[in-house]
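Next comes work_32.tsv, a file with TSV, C-alpha atoms.
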chain	number	residue	atom	x	y	z
A	880	MET	CA	59.31	89.81	93.71
A	881	ASN	CA	57.38	86.51	93.98
A	882	MET	CA	54.62	86.04	96.56
A	883	LYS	CA	56.53	83.44	98.55
A	884	ARG	CA	59.49	85.81	98.93
A	885	ARG	CA	57.15	88.69	99.89
A	886	LYS	CA	55.46	86.51	102.51
A	887	PHE	CA	58.83	85.46	103.91
A	888	LEU	CA	59.89	89.11	104.21
A	889	SER	CA	56.68	90.12	105.97
A	890	ILE	CA	57.18	87.24	108.43
A	891	MET	CA	60.78	88.37	108.89
A	892	ALA	CA	59.59	91.91	109.59
A	893	GLY	CA	57.33	90.54	112.28
A	894	THR	CA	60.09	88.72	114.18
A	895	SER	CA	62.34	90.61	116.52
A	896	ALA	CA	64.53	93.14	114.69
A	897	VAL	CA	67.73	91.69	116.14
A	898	VAL	CA	66.98	88.12	115.10
A	899	SER	CA	65.78	89.11	111.63
A	900	LEU	CA	68.79	91.38	110.98
A	901	ALA	CA	71.26	88.74	112.14
A	902	SER	CA	69.68	86.03	110.03
A	903	VAL	CA	69.29	88.23	106.94
A	904	LEU	CA	72.87	89.50	107.18
A	905	THR	CA	74.66	86.27	108.04
A	906	ARG	CA	73.15	83.71	105.68
A	907	GLY	CA	76.20	82.11	104.10
A	908	VAL	CA	75.50	83.35	100.61
A	909	LYS	CA	78.31	83.18	98.05
A	910	SER	CA	77.51	86.29	96.06
A	911	HIS	CA	74.98	89.06	95.55
A	912	ALA	CA	73.92	87.52	92.22
A	913	GLN	CA	73.05	84.21	93.83
A	914	GLN	CA	70.66	85.92	96.22
A	915	LEU	CA	68.63	87.31	93.36
A	916	SER	CA	66.06	85.38	91.40
A	917	GLY	CA	67.15	84.05	88.00
A	918	ALA	CA	65.99	86.70	85.52
A	919	LEU	CA	66.91	89.60	87.78
A	920	ALA	CA	70.35	88.13	88.49
A	921	GLU	CA	70.93	87.65	84.78
A	922	SER	CA	69.89	91.22	83.99
A	923	PHE	CA	72.13	92.61	86.76
A	924	ARG	CA	75.07	90.54	85.50
A	925	ARG	CA	74.59	91.70	81.92
A	926	ARG	CA	74.30	95.38	82.89
A	927	SER	CA	77.36	95.12	85.13
A	928	GLN	CA	79.44	93.58	82.34
A	929	GLU	CA	78.32	96.23	79.85
A	930	ALA	CA	79.21	99.04	82.28
A	931	GLU	CA	82.67	97.56	82.85
A	932	ALA	CA	83.32	96.98	79.16
A	933	ARG	CA	82.52	100.62	78.40
A	934	GLY	CA	84.16	102.07	81.50
A	935	LEU	CA	87.43	100.16	81.27
A	936	ALA	CA	87.86	100.36	77.51
A	937	GLU	CA	90.71	102.88	77.98
A	938	PRO	CA	93.65	102.53	80.34
A	939	PHE	CA	93.51	104.78	83.39
A	940	LYS	CA	94.61	108.37	82.84
A	941	GLY	CA	92.66	110.41	85.37
A	942	VAL	CA	90.47	113.51	85.29
A	943	THR	CA	91.97	116.31	83.18
A	944	THR	CA	90.82	119.71	81.96
A	945	ASN	CA	92.06	119.18	78.40
A	946	GLY	CA	93.21	115.58	78.02
A	947	ASN	CA	96.71	116.29	79.37
A	948	VAL	CA	97.75	115.32	82.90
A	949	VAL	CA	99.51	118.08	84.85
A	950	SER	CA	102.53	116.27	86.31
A	951	GLY	CA	104.45	116.82	89.53
A	952	LEU	CA	101.44	117.62	91.71
A	953	PHE	CA	101.67	114.56	93.98
A	954	PRO	CA	105.25	113.81	95.08
A	955	ILE	CA	106.04	110.77	97.20
A	956	ARG	CA	106.88	112.27	100.59
A	957	SER	CA	106.51	111.74	104.30
A	958	THR	CA	103.44	113.37	105.84
A	959	GLY	CA	104.30	112.52	109.44
A	960	VAL	CA	100.80	111.06	109.95
A	961	SER	CA	100.96	107.36	110.73
A	962	THR	CA	98.93	104.85	108.73
A	963	ALA	CA	99.79	102.00	111.15
A	964	PRO	CA	96.27	101.90	112.67
A	965	VAL	CA	94.78	101.37	109.19
A	966	ARG	CA	97.29	98.61	108.40
A	967	ARG	CA	96.63	96.85	111.72
A	968	SER	CA	92.85	97.00	111.16
A	969	ALA	CA	93.21	95.64	107.62
A	970	ASP	CA	95.41	92.77	108.88
A	971	ALA	CA	92.79	91.97	111.53
A	972	PHE	CA	90.01	92.06	108.93
A	973	LEU	CA	91.84	89.69	106.57
A	974	ALA	CA	92.70	87.36	109.47
A	975	ALA	CA	89.01	87.21	110.46
A	976	LEU	CA	87.88	86.05	106.99
A	977	THR	CA	87.51	82.40	106.04
A	978	PRO	CA	89.94	81.16	103.35
A	979	THR	CA	87.09	81.28	100.80
A	980	GLN	CA	86.17	84.84	101.73
A	981	ARG	CA	89.80	85.92	101.66
A	982	THR	CA	90.31	84.47	98.19
A	983	LYS	CA	87.54	86.63	96.73
A	984	THR	CA	88.47	89.70	98.77
A	985	VAL	CA	92.19	90.16	98.04
A	986	PHE	CA	93.49	91.60	94.74
A	987	SER	CA	96.91	92.87	93.69
A	988	VAL	CA	97.59	96.55	94.30
A	989	ASP	CA	97.60	97.37	90.59
A	990	ASP	CA	94.51	95.30	89.73
A	991	PRO	CA	91.84	97.00	87.56
A	992	GLU	CA	89.43	95.95	90.35
A	993	TRP	CA	90.05	99.44	91.83
A	994	ARG	CA	88.17	100.97	88.91
A	995	LYS	CA	85.23	98.55	89.17
A	996	TRP	CA	82.86	100.37	91.49
A	997	MET	CA	79.42	101.70	90.88
A	998	ASN	CA	76.87	103.66	92.84
A	999	GLN	CA	73.89	101.92	91.26
A	1000	HIS	CA	72.39	99.08	93.25
A	1001	PHE	CA	72.32	96.53	90.40
A	1002	TYR	CA	76.10	96.30	90.07
A	1003	ILE	CA	77.63	92.87	90.79
A	1004	ARG	CA	80.56	93.52	93.15
A	1005	GLN	CA	83.64	91.61	94.25
A	1006	GLY	CA	84.86	91.09	97.79
A	1007	THR	CA	82.99	90.01	100.89
A	1008	GLY	CA	79.58	91.55	101.60
A	1009	PHE	CA	78.62	92.70	105.10
A	1010	TYR	CA	75.53	90.50	104.83
A	1011	GLU	CA	77.69	87.39	104.50
A	1012	MET	CA	79.92	88.22	107.47
A	1013	THR	CA	79.36	86.94	110.99
A	1014	GLU	CA	78.61	89.51	113.69
A	1015	SER	CA	82.25	89.53	114.84
A	1016	GLN	CA	83.60	89.78	111.27
A	1017	ARG	CA	81.31	92.75	110.70
A	1018	GLU	CA	82.61	94.49	113.80
A	1019	ILE	CA	86.20	93.95	112.60
A	1020	ALA	CA	85.24	95.27	109.15
A	1021	PHE	CA	83.78	98.40	110.75
A	1022	ASN	CA	87.05	98.74	112.71
A	1023	LEU	CA	88.83	99.11	109.36
A	1024	LEU	CA	86.46	101.97	108.49
A	1025	ARG	CA	86.89	103.39	112.00
A	1026	ALA	CA	90.69	103.46	111.64
A	1027	SER	CA	90.53	105.02	108.17
A	1028	LEU	CA	87.70	107.53	108.47
A	1029	SER	CA	86.91	110.37	110.86
A	1030	ALA	CA	84.03	109.99	113.33
A	1031	LYS	CA	81.94	112.05	110.88
A	1032	GLY	CA	83.00	109.90	107.90
A	1033	LEU	CA	82.20	106.69	109.77
A	1034	LYS	CA	78.80	107.96	110.93
A	1035	GLN	CA	77.88	109.18	107.46
A	1036	SER	CA	78.93	105.84	105.91
A	1037	ARG	CA	76.89	103.83	108.39
A	1038	ASP	CA	73.91	106.16	107.99
A	1039	ILE	CA	74.00	105.75	104.18
A	1040	MET	CA	73.98	101.96	104.71
A	1041	ARG	CA	71.04	102.33	107.13
A	1042	LEU	CA	69.11	104.47	104.64
A	1043	ASN	CA	69.60	101.70	102.07
A	1044	HIS	CA	67.70	99.52	104.56
A	1045	THR	CA	65.02	102.23	104.73
A	1046	LEU	CA	64.79	102.05	100.93
A	1047	GLY	CA	64.28	98.29	101.25
A	1048	GLU	CA	61.48	98.92	103.74
A	1049	LEU	CA	59.79	101.54	101.54
A	1050	ASN	CA	59.86	99.25	98.52
A	1051	ASN	CA	59.36	96.01	100.45
A	1052	ASN	CA	62.41	94.78	98.56
A	1053	PHE	CA	65.38	93.35	100.45
A	1054	GLU	CA	66.47	91.36	97.43
A	1055	GLU	CA	67.97	94.54	96.01
A	1056	TYR	CA	68.38	96.93	98.96
A	1057	GLY	CA	69.57	96.66	102.53
A	1058	GLU	CA	72.28	97.77	104.93
A	1059	GLY	CA	74.35	94.62	104.39
A	1060	ARG	CA	74.71	95.10	100.64
A	1061	TYR	CA	78.18	96.67	100.82
A	1062	TRP	CA	81.34	94.84	99.84
A	1063	LEU	CA	84.96	95.18	100.98
A	1064	THR	CA	88.03	94.34	98.91
A	1065	VAL	CA	91.71	94.72	99.84
A	1066	MET	CA	94.28	95.57	97.18
A	1067	GLY	CA	97.84	94.45	97.82
A	1068	THR	CA	99.21	93.39	101.21
A	1069	PRO	CA	98.77	95.82	104.11
A	1070	SER	CA	102.24	97.26	104.69
A	1071	ASP	CA	104.11	100.17	106.27
A	1072	THR	CA	106.30	100.65	103.19
A	1073	GLU	CA	104.70	98.97	100.16
A	1074	PRO	CA	101.59	100.33	98.40
A	1075	TRP	CA	98.23	98.77	99.28
A	1076	GLY	CA	94.63	99.83	99.91
A	1077	TRP	CA	91.01	98.87	100.37
A	1078	GLN	CA	87.69	99.60	98.73
A	1079	LEU	CA	84.14	99.74	100.07
A	1080	ASP	CA	81.57	99.42	97.29
A	1081	GLY	CA	77.77	99.53	97.39
A	1082	HIS	CA	74.65	101.56	96.64
A	1083	HIS	CA	75.34	105.28	97.31
A	1084	LEU	CA	78.58	104.56	99.19
A	1085	ILE	CA	81.99	103.96	97.64
A	1086	VAL	CA	85.32	104.61	99.34
A	1087	ASN	CA	88.66	103.96	97.63
A	1088	TYR	CA	91.48	104.14	100.18
A	1089	PHE	CA	95.07	103.91	98.89
A	1090	VAL	CA	98.06	103.85	101.25
A	1091	LEU	CA	101.76	104.32	100.50
A	1092	GLY	CA	103.94	104.75	103.58
A	1093	ASP	CA	102.22	107.50	105.53
A	1094	GLN	CA	100.47	108.95	102.47
A	1095	VAL	CA	96.77	108.34	101.90
A	1096	VAL	CA	94.59	109.00	98.84
A	1097	MET	CA	90.87	108.58	99.56
A	1098	THR	CA	89.37	109.06	96.11
A	1099	PRO	CA	87.22	108.38	94.26
A	1100	THR	CA	84.73	108.65	97.13
A	1101	PHE	CA	81.02	108.60	96.45
A	1102	MET	CA	78.43	109.43	99.11
A	1103	GLY	CA	74.73	109.97	98.61
A	1104	SER	CA	71.32	108.56	99.40
A	1105	GLU	CA	67.73	108.09	98.30
A	1106	PRO	CA	65.95	108.88	100.59
A	1107	VAL	CA	68.21	111.27	102.51
A	1108	ILE	CA	66.01	111.04	105.61
A	1109	ALA	CA	64.21	108.08	107.16
A	1110	ASN	CA	60.72	109.24	108.13
A	1111	SER	CA	59.70	105.76	109.25
A	1112	GLY	CA	60.99	102.28	109.92
A	1113	ARG	CA	63.90	100.83	111.87
A	1114	TYR	CA	66.18	103.84	111.30
A	1115	LYS	CA	63.60	106.61	111.56
A	1116	GLY	CA	65.31	109.98	112.04
A	1117	THR	CA	68.52	109.06	110.17
A	1118	ILE	CA	69.53	111.92	107.86
A	1119	VAL	CA	72.58	112.52	105.63
A	1120	MET	CA	74.25	115.09	103.34
A	1121	GLN	CA	72.60	118.17	104.87
A	1122	ASN	CA	75.85	120.05	105.63
A	1123	GLU	CA	77.12	119.47	102.11
A	1124	GLN	CA	73.81	120.76	100.77
A	1125	ASN	CA	73.32	123.73	103.11
A	1126	LYS	CA	76.92	124.97	103.12
A	1127	GLY	CA	76.94	124.90	99.31
A	1128	LEU	CA	73.77	126.98	99.19
A	1129	SER	CA	75.12	129.36	101.78
A	1130	LEU	CA	78.36	129.86	99.75
A	1131	ILE	CA	76.55	130.76	96.51
A	1132	ASN	CA	74.39	133.18	98.51
A	1133	ALA	CA	77.50	134.78	100.05
A	1134	LEU	CA	78.58	135.93	96.57
A	1135	ASN	CA	77.67	139.37	95.23
A	1136	ASP	CA	75.76	139.76	91.95
A	1137	ALA	CA	78.86	140.06	89.77
A	1138	GLN	CA	80.42	136.98	91.36
A	1139	ARG	CA	77.20	134.99	91.11
A	1140	GLN	CA	76.96	135.81	87.44
A	1141	LYS	CA	80.31	134.07	86.91
A	1142	ALA	CA	79.59	131.16	89.28
A	1143	ILE	CA	76.13	130.23	87.98
A	1144	ILE	CA	76.59	128.40	84.68
A	1145	ARG	CA	72.88	127.55	84.33
A	1146	VAL	CA	69.86	128.73	86.30
A	1147	SER	CA	67.53	125.92	85.31
A	1148	LYS	CA	68.16	122.51	86.92
A	1149	THR	CA	66.17	119.91	85.02
A	1150	ARG	CA	68.25	116.73	85.17
A	1151	ASN	CA	71.19	114.95	86.79
A	1152	ASN	CA	74.43	116.91	86.36
A	1153	ASN	CA	77.19	114.88	88.06
A	1154	LEU	CA	79.95	113.94	85.61
A	1155	GLY	CA	82.57	112.17	87.72
A	1156	GLU	CA	80.66	109.10	88.86
A	1157	ALA	CA	81.37	105.43	88.18
A	1158	PHE	CA	83.52	104.55	85.16
A	1159	SER	CA	84.34	108.23	84.55
A	1160	ASP	CA	87.99	107.92	85.56
A	1161	ASN	CA	89.23	109.72	82.44
A	1162	ILE	CA	86.68	112.48	82.00
A	1163	VAL	CA	87.88	115.67	80.35
A	1164	LEU	CA	86.26	118.45	82.32
A	1165	ASP	CA	87.27	122.03	81.70
A	1166	TYR	CA	87.18	124.57	84.51
A	1167	ALA	CA	83.89	126.44	84.88
A	1168	GLY	CA	82.45	129.04	87.19
A	1169	ILE	CA	84.31	131.61	89.28
A	1170	ARG	CA	87.93	131.47	90.47
A	1171	ALA	CA	88.47	131.66	94.24
A	1172	ALA	CA	91.07	134.36	93.46
A	1173	GLU	CA	88.04	136.63	93.02
A	1174	PHE	CA	86.65	135.76	96.48
A	1175	THR	CA	86.98	137.89	99.59
A	1176	ALA	CA	88.92	136.42	102.53
A	1177	GLU	CA	85.62	135.49	104.19
A	1178	GLN	CA	84.31	133.78	101.04
A	1179	LYS	CA	87.57	131.82	100.71
A	1180	LYS	CA	87.14	130.68	104.31
A	1181	GLN	CA	83.61	129.52	103.47
A	1182	LEU	CA	84.85	127.66	100.40
A	1183	LEU	CA	87.55	125.88	102.44
A	1184	ASP	CA	84.95	125.00	105.07
A	1185	LEU	CA	82.74	123.46	102.35
A	1186	ILE	CA	85.68	121.47	100.90
A	1187	GLY	CA	86.45	120.36	104.46
A	1188	GLU	CA	83.01	118.74	104.70
A	1189	TYR	CA	84.17	116.23	102.08
A	1190	VAL	CA	87.89	115.92	102.88
A	1191	GLY	CA	86.95	115.68	106.56
A	1192	ASN	CA	85.51	112.20	106.02
A	1193	MET	CA	89.13	110.98	106.33
A	1194	ARG	CA	90.86	110.65	109.69
A	1195	ASP	CA	91.81	114.11	110.94
A	1196	GLY	CA	95.58	113.98	110.36
A	1197	HIS	CA	95.26	112.74	106.77
A	1198	ALA	CA	92.45	115.22	106.11
A	1199	GLU	CA	94.73	118.05	107.26
A	1200	VAL	CA	97.46	116.89	104.83
A	1201	LYS	CA	94.92	116.95	101.99
A	1202	MET	CA	93.54	120.36	103.03
A	1203	SER	CA	97.04	121.87	102.95
A	1204	GLU	CA	97.35	120.58	99.37
A	1205	VAL	CA	93.95	122.17	98.59
A	1206	ARG	CA	95.07	125.49	100.11
A	1207	GLN	CA	98.19	125.57	97.92
A	1208	HIS	CA	95.88	125.68	94.88
A	1209	LEU	CA	93.13	127.78	96.41
A	1210	GLU	CA	93.51	130.82	94.11
A	1211	GLU	CA	92.97	128.68	91.00
A	1212	THR	CA	90.09	126.67	92.50
A	1213	ARG	CA	86.80	127.13	90.62
A	1214	PHE	CA	83.26	127.11	92.00
A	1215	ALA	CA	80.40	126.48	89.55
A	1216	TRP	CA	76.63	126.26	90.12
A	1217	ILE	CA	73.57	124.97	88.28
A	1218	GLY	CA	70.08	125.75	89.58
A	1219	GLU	CA	68.36	128.39	91.66
A	1220	THR	CA	69.58	129.69	95.01
A	1221	LYS	CA	66.43	129.90	97.12
A	1222	PRO	CA	66.14	128.15	100.52
A	1223	ASN	CA	64.49	125.03	99.04
A	1224	SER	CA	66.01	125.04	95.55
A	1225	VAL	CA	67.45	121.94	93.93
A	1226	PHE	CA	70.94	122.47	92.53
A	1227	TYR	CA	74.31	121.12	91.46
A	1228	TYR	CA	77.69	122.55	92.37
A	1229	ARG	CA	81.27	121.74	91.46
A	1230	ILE	CA	84.54	122.64	93.17
A	1231	HIS	CA	87.50	122.02	90.88
A	1232	SER	CA	91.24	122.62	91.18
A	1233	PRO	CA	94.35	120.76	89.96
A	1234	VAL	CA	94.26	118.61	93.13
A	1235	ILE	CA	90.56	118.11	93.91
A	1236	LEU	CA	87.21	117.73	92.15
A	1237	ILE	CA	84.01	117.74	94.21
A	1238	GLU	CA	80.51	117.43	92.76
A	1239	PHE	CA	77.20	117.69	94.61
A	1240	ASP	CA	73.96	116.94	92.79
A	1241	HIS	CA	70.25	116.81	93.59
A	1242	GLN	CA	69.18	113.91	91.36
A	1243	THR	CA	65.92	112.79	89.79
A	1244	PRO	CA	64.11	110.02	91.73
A	1245	ILE	CA	64.83	106.39	90.90
A	1246	ALA	CA	63.63	104.16	93.72
A	1247	LEU	CA	61.16	106.40	95.55
A	1248	SER	CA	57.90	105.85	93.66
A	1249	TYR	CA	55.99	108.64	95.43
A	1250	LEU	CA	58.19	111.36	93.89
A	1251	GLU	CA	57.53	113.00	90.55
A	1252	ARG	CA	59.57	111.27	87.82
A	1253	GLY	CA	62.22	113.31	86.00
A	1254	GLN	CA	62.25	116.19	88.52
A	1255	PRO	CA	65.46	116.62	90.56
A	1256	THR	CA	64.68	116.35	94.27
A	1257	ARG	CA	66.32	117.00	97.62
A	1258	GLU	CA	65.33	113.43	98.52
A	1259	HIS	CA	68.03	112.01	96.21
A	1260	ILE	CA	71.59	113.30	96.57
A	1261	HIS	CA	74.84	112.23	94.90
A	1262	SER	CA	78.28	113.55	95.76
A	1263	VAL	CA	81.62	112.50	94.39
A	1264	VAL	CA	85.19	113.49	95.25
A	1265	ARG	CA	88.11	112.83	92.91
A	1266	THR	CA	91.81	113.62	92.68
A	1267	PRO	CA	92.40	114.98	89.15
A	1268	ASN	CA	95.62	114.68	87.15
A	1269	GLY	CA	96.18	110.98	87.57
A	1270	ASN	CA	96.06	110.39	91.32
A	1271	ASP	CA	92.64	108.81	91.85
A	1272	TYR	CA	93.23	105.43	93.55
A	1273	GLY	CA	96.73	106.79	94.37
A	1274	LYS	CA	97.73	105.79	90.84
A	1275	ASP	CA	100.27	108.58	90.40
A	1276	LEU	CA	101.95	107.65	93.70
A	1277	LEU	CA	101.91	103.99	92.62
A	1278	ARG	CA	103.46	104.90	89.25
A	1279	GLN	CA	106.27	106.83	90.97
A	1280	HIS	CA	106.79	104.02	93.48
A	1281	TYR	CA	107.24	101.54	90.64
A	1282	GLN	CA	109.71	103.87	88.93
A	1283	GLN	CA	111.78	103.98	92.11
A	1284	HIS	CA	111.33	100.29	92.98
A	1285	PRO	CA	110.64	98.21	89.85
A	1286	HIS	CA	108.27	95.33	90.62
A	1287	PRO	CA	108.15	92.19	88.51
A	1288	HIS	CA	104.40	92.53	87.91
A	1289	SER	CA	103.99	96.28	87.71
A	1290	HIS	CA	101.62	97.57	85.03
So that I can check it, write out the structure of this file as structure tokens.
Amino acid sequence: MNMKRRKFLSIMAGTSAVVSLASVLTRGVKSHAQQLSGALAESFRRRSQEAEARGLAEPFKGVTTNGNVVSGLFPIRSTGVSTAPVRRSADAFLAALTPTQRTKTVFSVDDPEWRKWMNQHFYIRQGTGFYEMTESQREIAFNLLRASLSAKGLKQSRDIMRLNHTLGELNNNFEEYGEGRYWLTVMGTPSDTEPWGWQLDGHHLIVNYFVLGDQVVMTPTFMGSEPVIANSGRYKGTIVMQNEQNKGLSLINALNDAQRQKAIIRVSKTRNNNLGEAFSDNIVLDYAGIRAAEFTAEQKKQLLDLIGEYVGNMRDGHAEVKMSEVRQHLEETRFAWIGETKPNSVFYYRIHSPVILIEFDHQTPIALSYLERGQPTREHIHSVVRTPNGNDYGKDLLRQHYQQHPHPHSH
């Protein structure tokens, strides 16, 4: 970062927090790339294009265990849980945007834009960024999240955004980090009957939210942070992902020796282990670990409670619909573990069934310079939730919808 920019930021830090946040967030900047200095912007653009070229080389298929999609898992049906509040909030959000903002925010429901998300901070994203919204636009944008997510899901999302500000403070770098660096796009036209959805995309926080009638698919969802706790700065005390971490550890420790032997696929945790992150829509991932059929009733309850930590980021009614789907496949759900199982161990775990894939991973440090390079740490967490067998982004529902109602532009 050049000296002038650094001086500007230190002056900004000295002004009142409210004024500085408002001015940093609302500068009418056209795109993330234009906020970055020349060489950095060019490098980010090149890396983004390379990631997309690799990641979108194949048409979407979905996560499978052997390359073949298991069909018939996700019928179009009525859930009895209204999506009207989400539609109304999306309409209000679109109405609040300027024509220019709206043009870059709206895509068709079958646009490959769905697949273009990335956890890494360098990625050049589409849509309208929170930093380029006015205060009232931002509130309306958060209302869309409020209508779609549970109170827990909303809080965790906002806290991840806040911790991205903490990262900016720690690195004195608000060119690349900050709580406003999250972008919203809307796919299709919000509707009670036609398919549509929205996407939130930014560093450590990605939510894909597909709606068809009263059915919702909220995957892929990525939540994580580095750091996971703010020990200083504006958001001191903010902390995320502890339930996901602690309940996972408590489940592996609830298993007896024979069960643990099946669940633990590797004791040594030396690197990043997540497989289902950005541009991994078509990964072939065989089942591993122990089947829940071998769990006691109490252990099954613990497993469902752990899954609920992730599914429960959706509004309660829709989360309950998803959990009933999970329960139908509980016996064949696998739980796999990499790492040790002591109170402060770093680890990875995976929960995998025909209808859900959850990964939790303690990652090696990237942006926190005070941590030892190459050693996984509890200060950097990634989690990802997917719907295997072709229904990430609601694509299987969309496919069936098009079969029943042919559209002129359907892919």
- Task: Find the residues with any atom within 10 Å of (98.9, 103.0, 112.0); use only C-alpha atoms and the coordinates as given in the file, and write the answer as a list in words.
- Result: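 Nearby residues: Val960, Ser961, Thr962, Ala963, Pro964, Val965, Arg966, Arg967, Ser968, Ala1026, Ser1027, Ser1070, Asp1071, Gly1092 and Asp1093 of chain A.
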Would you put the residues from that selection into a file with C-alpha atoms, as a PDB file, in the frame of the given file?
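After the write, again.pdb holds the following:
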ATOM      1  CA  VAL A 960     100.800 111.060 109.950  1.00  0.00           C
ATOM      2  CA  SER A 961     100.960 107.360 110.730  1.00  0.00           C
ATOM      3  CA  THR A 962      98.930 104.850 108.730  1.00  0.00           C
ATOM      4  CA  ALA A 963      99.790 102.000 111.150  1.00  0.00           C
ATOM      5  CA  PRO A 964      96.270 101.900 112.670  1.00  0.00           C
ATOM      6  CA  VAL A 965      94.780 101.370 109.190  1.00  0.00           C
ATOM      7  CA  ARG A 966      97.290  98.610 108.400  1.00  0.00           C
ATOM      8  CA  ARG A 967      96.630  96.850 111.720  1.00  0.00           C
ATOM      9  CA  SER A 968      92.850  97.000 111.160  1.00  0.00           C
ATOM     10  CA  ALA A1026      90.690 103.460 111.640  1.00  0.00           C
ATOM     11  CA  SER A1027      90.530 105.020 108.170  1.00  0.00           C
ATOM     12  CA  SER A1070     102.240  97.260 104.690  1.00  0.00           C
ATOM     13  CA  ASP A1071     104.110 100.170 106.270  1.00  0.00           C
ATOM     14  CA  GLY A1092     103.940 104.750 103.580  1.00  0.00           C
ATOM     15  CA  ASP A1093     102.220 107.500 105.530  1.00  0.00           C
TER      16      ASP A1093
END
- Query: Of the candidates A:Leu1209, A:Leu1128, A:Ala971, A:Leu1236, which shows the shortest atom-to-atom distance to Glu1173 in chain A, using only C-alpha atoms?
  - Reply: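 That would be A:Leu1209, the residue with the smallest distance to Glu1173 in chain A.
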- Item | Atomic separation - CA of Pro991 in chain A relative to CA of Arg1025 in chain A, Å |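 Going from CA of Arg1025 in chain A over to CA of Pro991 in chain A, I get 25.7 Å.
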- Within 8 Å of (61.2, 120.3, 90.1), in the coordinates the file gives, what residues turn up when you count all atoms listed in the file, written out as a PyMOL selection string? chain A and resi 1148-1149+1225+1254-1256
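What separates CA of Leu1250 in chain A from CA of Ala930 in chain A is a distance of 27.0 Å.
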- Item | CA of Val1263 in chain A to CA of Gly1127 in chain A, straight-line distance in Å |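 About the pair CA of Gly1127 in chain A and CA of Val1263 in chain A: they are 14.1 Å apart.
Checking A:Asp1160, A:Glu1210, A:Glu1054, A:Glu921 one by one against Lys1274 in chain A, counting all atoms listed in the file, you find the shortest gap at A:Asp1160.
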- For Met997 in chain A: contacts at 8 Å, all atoms listed in the file, fewer than 2 positions along chain excluded, given as a VMD selection string: chain A and resid 995 999 to 1000 1002 1080 to 1082 1085 1156 to 1158
- Task: Kindly indicate which residue among A:Ile1260, A:Met1193, A:Ala1137, A:Leu976 lies nearest to Ile1039 in chain A, using only C-alpha atoms for the distances.
- Result: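 Under the stated criterion, the closest residue is A:Ile1260.
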- Note on the structure: For Glu1048 in chain A, the closest of A:Tyr1272, A:Tyr1249, A:Phe1089, A:Tyr1114 counting all atoms listed in the file is A:Tyr1114
Listed atoms of range 1102-1120 of chain A boxed axis-aligned with 5 Å per side, centre + edges as lines of an AutoDock Vina configuration file:
center_x = 69.1
center_y = 108.0
center_z = 105.2
size_x = 28.7
size_y = 24.3
size_z = 23.7
If you count all atoms listed in the file, which residues fall within 9 Å of Glu992 in chain A, apart from same-chain ones fewer than 4 positions away, as a short mmCIF file (atom, residue, chain, number, x, y, z; two decimals) with C-alpha atoms, keeping the file's coordinate frame?
data_model
loop_
_atom_site.label_atom_id
_atom_site.label_comp_id
_atom_site.auth_asym_id
_atom_site.auth_seq_id
_atom_site.Cartn_x
_atom_site.Cartn_y
_atom_site.Cartn_z
CA PHE A 986 93.49 91.60 94.74
CA SER A 987 96.91 92.87 93.69
CA TRP A 996 82.86 100.37 91.49
CA GLN A 1005 83.64 91.61 94.25
CA THR A 1064 88.03 94.34 98.91
CA MET A 1066 94.28 95.57 97.18
#
- Query: Which is closer to Thr958 in chain A than all the others in A:Leu1182, A:Val1190, A:Leu1091, A:Ala1020, using all atoms listed in the file?
  - Reply: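 So, comparing all the options, the nearest one is A:Leu1091.
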- Item | Given all atoms listed in the file as the counted atoms, nearest of A:Leu1154, A:Met1097, A:Leu1079, A:Ala974 to Tyr1227 in chain A |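 For Tyr1227 in chain A, the nearest of the candidates is A:Leu1154.
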- Find the spatial neighbours of Arg925 in chain A, counting all atoms listed in the file, within a cut-off of 12 Å - ignore same-chain residues fewer than 5 positions away - and output them as a PyMOL selection string. chain A and resi 912+918-920+930-932+1001-1003
Dump C-alpha atoms for the selected residues as a PDB file, in the frame of the given file?
ATOM      1  CA  ALA A 912      73.920  87.520  92.220  1.00  0.00           C
ATOM      2  CA  ALA A 918      65.990  86.700  85.520  1.00  0.00           C
ATOM      3  CA  LEU A 919      66.910  89.600  87.780  1.00  0.00           C
ATOM      4  CA  ALA A 920      70.350  88.130  88.490  1.00  0.00           C
ATOM      5  CA  ALA A 930      79.210  99.040  82.280  1.00  0.00           C
ATOM      6  CA  GLU A 931      82.670  97.560  82.850  1.00  0.00           C
ATOM      7  CA  ALA A 932      83.320  96.980  79.160  1.00  0.00           C
ATOM      8  CA  PHE A1001      72.320  96.530  90.400  1.00  0.00           C
ATOM      9  CA  TYR A1002      76.100  96.300  90.070  1.00  0.00           C
ATOM     10  CA  ILE A1003      77.630  92.870  90.790  1.00  0.00           C
TER      11      ILE A1003
END
- Query: Near range 1241-1245 of chain A, counting only C-alpha atoms, which residues have an atom at most 10 Å away, once you skip same-chain residues fewer than 2 positions from it, shown as number ranges by chain?
  - Reply: A: 1103-1106, 1124, 1148-1153, 1218, 1224-1228, 1239, 1247-1262
- Task: Determine, counting all atoms listed in the file, which protein, DNA and RNA residues have an atom within 8 Å of an atom of Leu1033 in chain A; residues of the same chain fewer than 5 positions away are not included. Present the result as a PyMOL selection string.
- Result: chain A and resi 1024-1025+1028+1192
